[in-house]
Amino acid sequence: MRKLLKTFAMIAVLTVGIMAQAIAGGLVEYKASGAIGEMPNGLVGKVMTSVSTDVDRVVDEINEERLRKYEDIAAKNGLSLSKVQALAGEKLINQTPGGQYYQSASGTWVKK
(Lines give C-alpha, C1' and ligand atoms only; values in the text may rest on other atoms or scores of the structure.)
Protein backbone atom coordinates (compact mmCIF):
# COMPACT_ATOMS: atom_id res chain seq x y z
CA MET A 1 0.00 0.00 0.00
CA ARG A 2 2.82 2.42 0.86
CA LYS A 3 4.51 1.70 -2.44
CA LEU A 4 1.29 2.44 -4.30
CA LEU A 5 0.80 5.73 -2.42
CA LYS A 6 4.37 6.71 -3.17
CA THR A 7 3.79 5.89 -6.83
CA PHE A 8 0.63 8.03 -6.91
CA ALA A 9 2.59 10.91 -5.39
CA MET A 10 5.35 10.54 -7.96
CA ILE A 11 2.80 10.46 -10.77
CA ALA A 12 1.19 13.63 -9.41
CA VAL A 13 4.57 15.35 -9.58
CA LEU A 14 5.14 13.86 -13.02
CA THR A 15 1.88 15.25 -14.38
CA VAL A 16 2.87 18.74 -13.26
CA GLY A 17 6.10 18.28 -15.19
CA ILE A 18 4.22 16.94 -18.18
CA MET A 19 1.97 19.99 -18.22
CA ALA A 20 4.99 22.32 -18.18
CA GLN A 21 6.57 20.26 -20.95
CA ALA A 22 3.33 20.34 -22.93
CA ILE A 23 3.11 24.11 -22.85
CA ALA A 24 6.67 24.42 -24.12
CA GLY A 25 6.31 21.72 -26.78
CA GLY A 26 3.06 22.74 -28.48
CA LEU A 27 1.04 19.85 -27.08
CA VAL A 28 -1.59 22.15 -25.59
CA GLU A 29 -2.26 23.73 -28.97
CA TYR A 30 -2.53 20.39 -30.77
CA LYS A 31 -4.74 18.88 -28.05
CA ALA A 32 -7.04 21.92 -28.21
CA SER A 33 -7.30 21.56 -32.00
CA GLY A 34 -8.24 17.89 -31.72
CA ALA A 35 -5.14 16.60 -33.48
CA ILE A 36 -3.68 14.89 -30.38
CA GLY A 37 -5.28 13.10 -27.45
CA GLU A 38 -4.34 11.27 -24.26
CA MET A 39 -4.14 7.48 -24.27
CA PRO A 40 -4.67 4.98 -21.42
CA ASN A 41 -0.98 4.02 -21.53
CA GLY A 42 0.09 7.52 -20.47
CA LEU A 43 1.24 8.51 -23.93
CA VAL A 44 -0.32 10.83 -26.48
CA GLY A 45 -1.60 9.74 -29.85
CA LYS A 46 -2.74 11.28 -33.10
CA VAL A 47 -6.51 11.56 -33.24
CA MET A 48 -6.50 12.54 -36.89
CA THR A 49 -5.07 10.12 -39.44
CA SER A 50 -3.31 12.74 -41.52
CA VAL A 51 -1.40 15.32 -39.54
CA SER A 52 1.46 17.69 -40.19
CA THR A 53 5.05 16.73 -39.56
CA ASP A 54 4.99 19.18 -36.63
CA VAL A 55 2.27 17.13 -34.94
CA ASP A 56 4.25 13.94 -35.57
CA ARG A 57 7.34 15.56 -34.06
CA VAL A 58 5.49 16.77 -30.95
CA VAL A 59 3.90 13.34 -30.39
CA ASP A 60 7.29 11.63 -30.70
CA GLU A 61 9.07 14.12 -28.40
CA ILE A 62 6.37 14.06 -25.72
CA ASN A 63 6.15 10.26 -25.74
CA GLU A 64 9.92 9.81 -25.55
CA GLU A 65 10.11 12.14 -22.55
CA ARG A 66 7.13 10.55 -20.83
CA LEU A 67 8.53 7.04 -21.32
CA ARG A 68 11.85 8.07 -19.77
CA LYS A 69 10.01 9.44 -16.74
CA TYR A 70 7.76 6.40 -16.44
CA GLU A 71 10.76 4.06 -16.62
CA ASP A 72 12.46 6.04 -13.85
CA ILE A 73 9.37 5.90 -11.61
CA ALA A 74 8.95 2.17 -12.27
CA ALA A 75 12.59 1.44 -11.41
CA LYS A 76 12.54 3.55 -8.23
CA ASN A 77 9.35 1.86 -6.99
CA GLY A 78 9.86 -1.70 -8.13
CA LEU A 79 6.81 -1.55 -10.38
CA SER A 80 6.29 -2.64 -13.94
CA LEU A 81 6.46 0.01 -16.63
CA SER A 82 2.95 -0.92 -17.75
CA LYS A 83 1.55 -0.31 -14.24
CA VAL A 84 3.13 3.16 -14.07
CA GLN A 85 1.88 3.97 -17.57
CA ALA A 86 -1.65 2.86 -16.66
CA LEU A 87 -1.66 5.01 -13.51
CA ALA A 88 -0.33 8.02 -15.43
CA GLY A 89 -2.77 7.45 -18.30
CA GLU A 90 -5.72 7.37 -15.93
CA LYS A 91 -4.59 10.59 -14.24
CA LEU A 92 -3.91 12.41 -17.52
CA ILE A 93 -7.25 11.35 -19.03
CA ASN A 94 -9.05 12.52 -15.89
CA GLN A 95 -7.28 15.89 -16.22
CA THR A 96 -8.16 16.27 -19.90
CA PRO A 97 -10.35 19.35 -20.32
CA GLY A 98 -13.78 19.18 -21.92
CA GLY A 99 -13.71 19.40 -25.70
CA GLN A 100 -10.42 17.50 -25.99
CA TYR A 101 -9.89 13.87 -26.94
CA TYR A 102 -8.83 10.78 -25.07
CA GLN A 103 -8.63 7.18 -26.20
CA SER A 104 -11.01 4.73 -24.54
CA ALA A 105 -9.93 1.28 -23.39
CA SER A 106 -11.41 -0.10 -26.62
CA GLY A 107 -9.12 2.16 -28.68
CA THR A 108 -11.68 4.64 -29.97
CA TRP A 109 -11.16 8.37 -29.63
CA VAL A 110 -13.71 10.09 -27.42
CA LYS A 111 -14.32 13.82 -27.14
CA LYS A 112 -14.62 14.71 -23.46
# chains A, B, ... in the order shown; residues from 1 in each chain; ligands from 1
>>> residues_around(residues="Ser104 (chain A)", least_positions_apart="5", cutoff="8 Å", atoms="only C-alpha atoms", output="ChimeraX atom specification")
/A:39-40,109-110
>>> closest_residue(among="A:Gln100, A:Ile36, A:Gly42, A:Ala88", to="Asp54 (chain A)", atoms="only C-alpha atoms")
A:Ile36
>>> residues_around(residues="Ala74 (chain A)", least_positions_apart="5", cutoff="10 Å", atoms="only C-alpha atoms", output="MDAnalysis selection string")
chainID A and resid 7 68:69 79:85
>>> closest_residue(among="A:Lys46, A:Gly78, A:Lys111, A:Leu87", to="Val59 (chain A)", atoms="only C-alpha atoms")
A:Lys46
>>> select_by_dssp(residues="region 34-77 of chain A", states="helix (DSSP H, G or I)", output="ChimeraX atom specification")
/A:53-77
>>> residues_around(residues="Tyr30 (chain A)", least_positions_apart="2", cutoff="12 Å", atoms="only C-alpha atoms", output="list in words")
Ala22, Ile23, Gly25, Gly26, Leu27, Val28, Ala32, Ser33, Gly34, Ala35, Ile36, Gly37, Glu38, Val44, Gly45, Lys46, Val47, Met48, Val51, Ser52, Asp54, Val55, Asp56, Arg57, Val58, Val59, Gln100 and Tyr101 of chain A
>>> write_last_selection(atoms="N, CA and C atoms", output="mmCIF file, in the first residue's frame")
data_model
loop_
_atom_site.group_PDB
_atom_site.id
_atom_site.type_symbol
_atom_site.label_atom_id
_atom_site.label_comp_id
_atom_site.auth_asym_id
_atom_site.auth_seq_id
_atom_site.Cartn_x
_atom_site.Cartn_y
_atom_site.Cartn_z
ATOM 1 N N ALA A 22 4.342 20.217 -21.875
ATOM 2 C CA ALA A 22 3.333 20.338 -22.926
ATOM 3 C C ALA A 22 3.204 21.768 -23.408
ATOM 4 N N ILE A 23 3.229 22.701 -22.485
ATOM 5 C CA ILE A 23 3.113 24.112 -22.848
ATOM 6 C C ILE A 23 4.286 24.516 -23.725
ATOM 7 N N GLY A 25 6.164 22.508 -25.566
ATOM 8 C CA GLY A 25 6.308 21.717 -26.781
ATOM 9 C C GLY A 25 5.175 21.815 -27.775
ATOM 10 N N GLY A 26 4.163 22.605 -27.534
ATOM 11 C CA GLY A 26 3.060 22.744 -28.476
ATOM 12 C C GLY A 26 1.944 21.736 -28.286
ATOM 13 N N LEU A 27 2.062 20.872 -27.294
ATOM 14 C CA LEU A 27 1.040 19.854 -27.083
ATOM 15 C C LEU A 27 -0.307 20.471 -26.765
ATOM 16 N N VAL A 28 -0.333 21.515 -25.964
ATOM 17 C CA VAL A 28 -1.593 22.154 -25.587
ATOM 18 C C VAL A 28 -2.344 22.616 -26.832
ATOM 19 N N ALA A 32 -5.883 21.028 -28.089
ATOM 20 C CA ALA A 32 -7.043 21.917 -28.213
ATOM 21 C C ALA A 32 -7.642 21.855 -29.617
ATOM 22 N N SER A 33 -6.809 21.634 -30.621
ATOM 23 C CA SER A 33 -7.301 21.562 -32.002
ATOM 24 C C SER A 33 -7.904 20.200 -32.340
ATOM 25 N N GLY A 34 -7.710 19.220 -31.467
ATOM 26 C CA GLY A 34 -8.241 17.886 -31.721
ATOM 27 C C GLY A 34 -7.315 16.981 -32.501
ATOM 28 N N ALA A 35 -6.089 17.412 -32.731
ATOM 29 C CA ALA A 35 -5.142 16.598 -33.483
ATOM 30 C C ALA A 35 -4.501 15.516 -32.616
ATOM 31 N N ILE A 36 -4.366 15.790 -31.307
ATOM 32 C CA ILE A 36 -3.683 14.893 -30.379
ATOM 33 C C ILE A 36 -4.588 14.653 -29.178
ATOM 34 N N GLY A 37 -4.523 13.433 -28.649
ATOM 35 C CA GLY A 37 -5.284 13.105 -27.449
ATOM 36 C C GLY A 37 -4.482 12.223 -26.506
ATOM 37 N N GLU A 38 -4.980 12.110 -25.283
ATOM 38 C CA GLU A 38 -4.342 11.273 -24.265
ATOM 39 C C GLU A 38 -4.777 9.824 -24.431
ATOM 40 N N VAL A 44 0.613 10.100 -25.631
ATOM 41 C CA VAL A 44 -0.322 10.825 -26.481
ATOM 42 C C VAL A 44 -0.346 10.162 -27.842
ATOM 43 N N GLY A 45 -1.467 10.314 -28.520
ATOM 44 C CA GLY A 45 -1.603 9.742 -29.851
ATOM 45 C C GLY A 45 -2.258 10.725 -30.789
ATOM 46 N N LYS A 46 -2.144 10.430 -32.068
ATOM 47 C CA LYS A 46 -2.735 11.278 -33.095
ATOM 48 C C LYS A 46 -4.188 10.865 -33.288
ATOM 49 N N VAL A 47 -5.079 11.809 -33.063
ATOM 50 C CA VAL A 47 -6.512 11.560 -33.236
ATOM 51 C C VAL A 47 -6.842 11.528 -34.716
ATOM 52 N N MET A 48 -6.257 12.432 -35.452
ATOM 53 C CA MET A 48 -6.502 12.536 -36.894
ATOM 54 C C MET A 48 -5.503 11.640 -37.624
ATOM 55 N N VAL A 51 -1.807 14.144 -40.312
ATOM 56 C CA VAL A 51 -1.400 15.320 -39.543
ATOM 57 C C VAL A 51 -0.097 15.857 -40.105
ATOM 58 N N SER A 52 0.220 17.069 -39.711
ATOM 59 C CA SER A 52 1.459 17.692 -40.185
ATOM 60 C C SER A 52 2.670 17.032 -39.543
ATOM 61 N N ASP A 54 4.837 18.563 -37.949
ATOM 62 C CA ASP A 54 4.993 19.179 -36.631
ATOM 63 C C ASP A 54 4.240 18.386 -35.561
ATOM 64 N N VAL A 55 3.048 17.932 -35.882
ATOM 65 C CA VAL A 55 2.267 17.128 -34.939
ATOM 66 C C VAL A 55 2.996 15.812 -34.673
ATOM 67 N N ASP A 56 3.476 15.174 -35.722
ATOM 68 C CA ASP A 56 4.253 13.935 -35.566
ATOM 69 C C ASP A 56 5.446 14.156 -34.636
ATOM 70 N N ARG A 57 6.148 15.240 -34.850
ATOM 71 C CA ARG A 57 7.335 15.555 -34.058
ATOM 72 C C ARG A 57 6.970 15.752 -32.591
ATOM 73 N N VAL A 58 5.912 16.518 -32.334
ATOM 74 C CA VAL A 58 5.491 16.772 -30.953
ATOM 75 C C VAL A 58 5.086 15.469 -30.273
ATOM 76 N N VAL A 59 4.317 14.629 -30.961
ATOM 77 C CA VAL A 59 3.904 13.344 -30.392
ATOM 78 C C VAL A 59 5.134 12.512 -30.036
ATOM 79 N N GLN A 100 -11.622 18.155 -25.477
ATOM 80 C CA GLN A 100 -10.423 17.498 -25.991
ATOM 81 C C GLN A 100 -10.634 15.991 -26.024
ATOM 82 N N TYR A 101 -9.731 15.300 -26.706
ATOM 83 C CA TYR A 101 -9.890 13.874 -26.939
ATOM 84 C C TYR A 101 -9.030 13.019 -26.015
#
>>> atom_distance(atom1="CA of Ala75 (chain A)", atom2="CA of Glu90 (chain A)")
19.8 Å
>>> atom_distance(atom1="CA of Leu43 (chain A)", atom2="CA of Asn63 (chain A)")
5.5 Å
>>> atom_distance(atom1="CA of Glu65 (chain A)", atom2="CA of Ala86 (chain A)")
16.1 Å
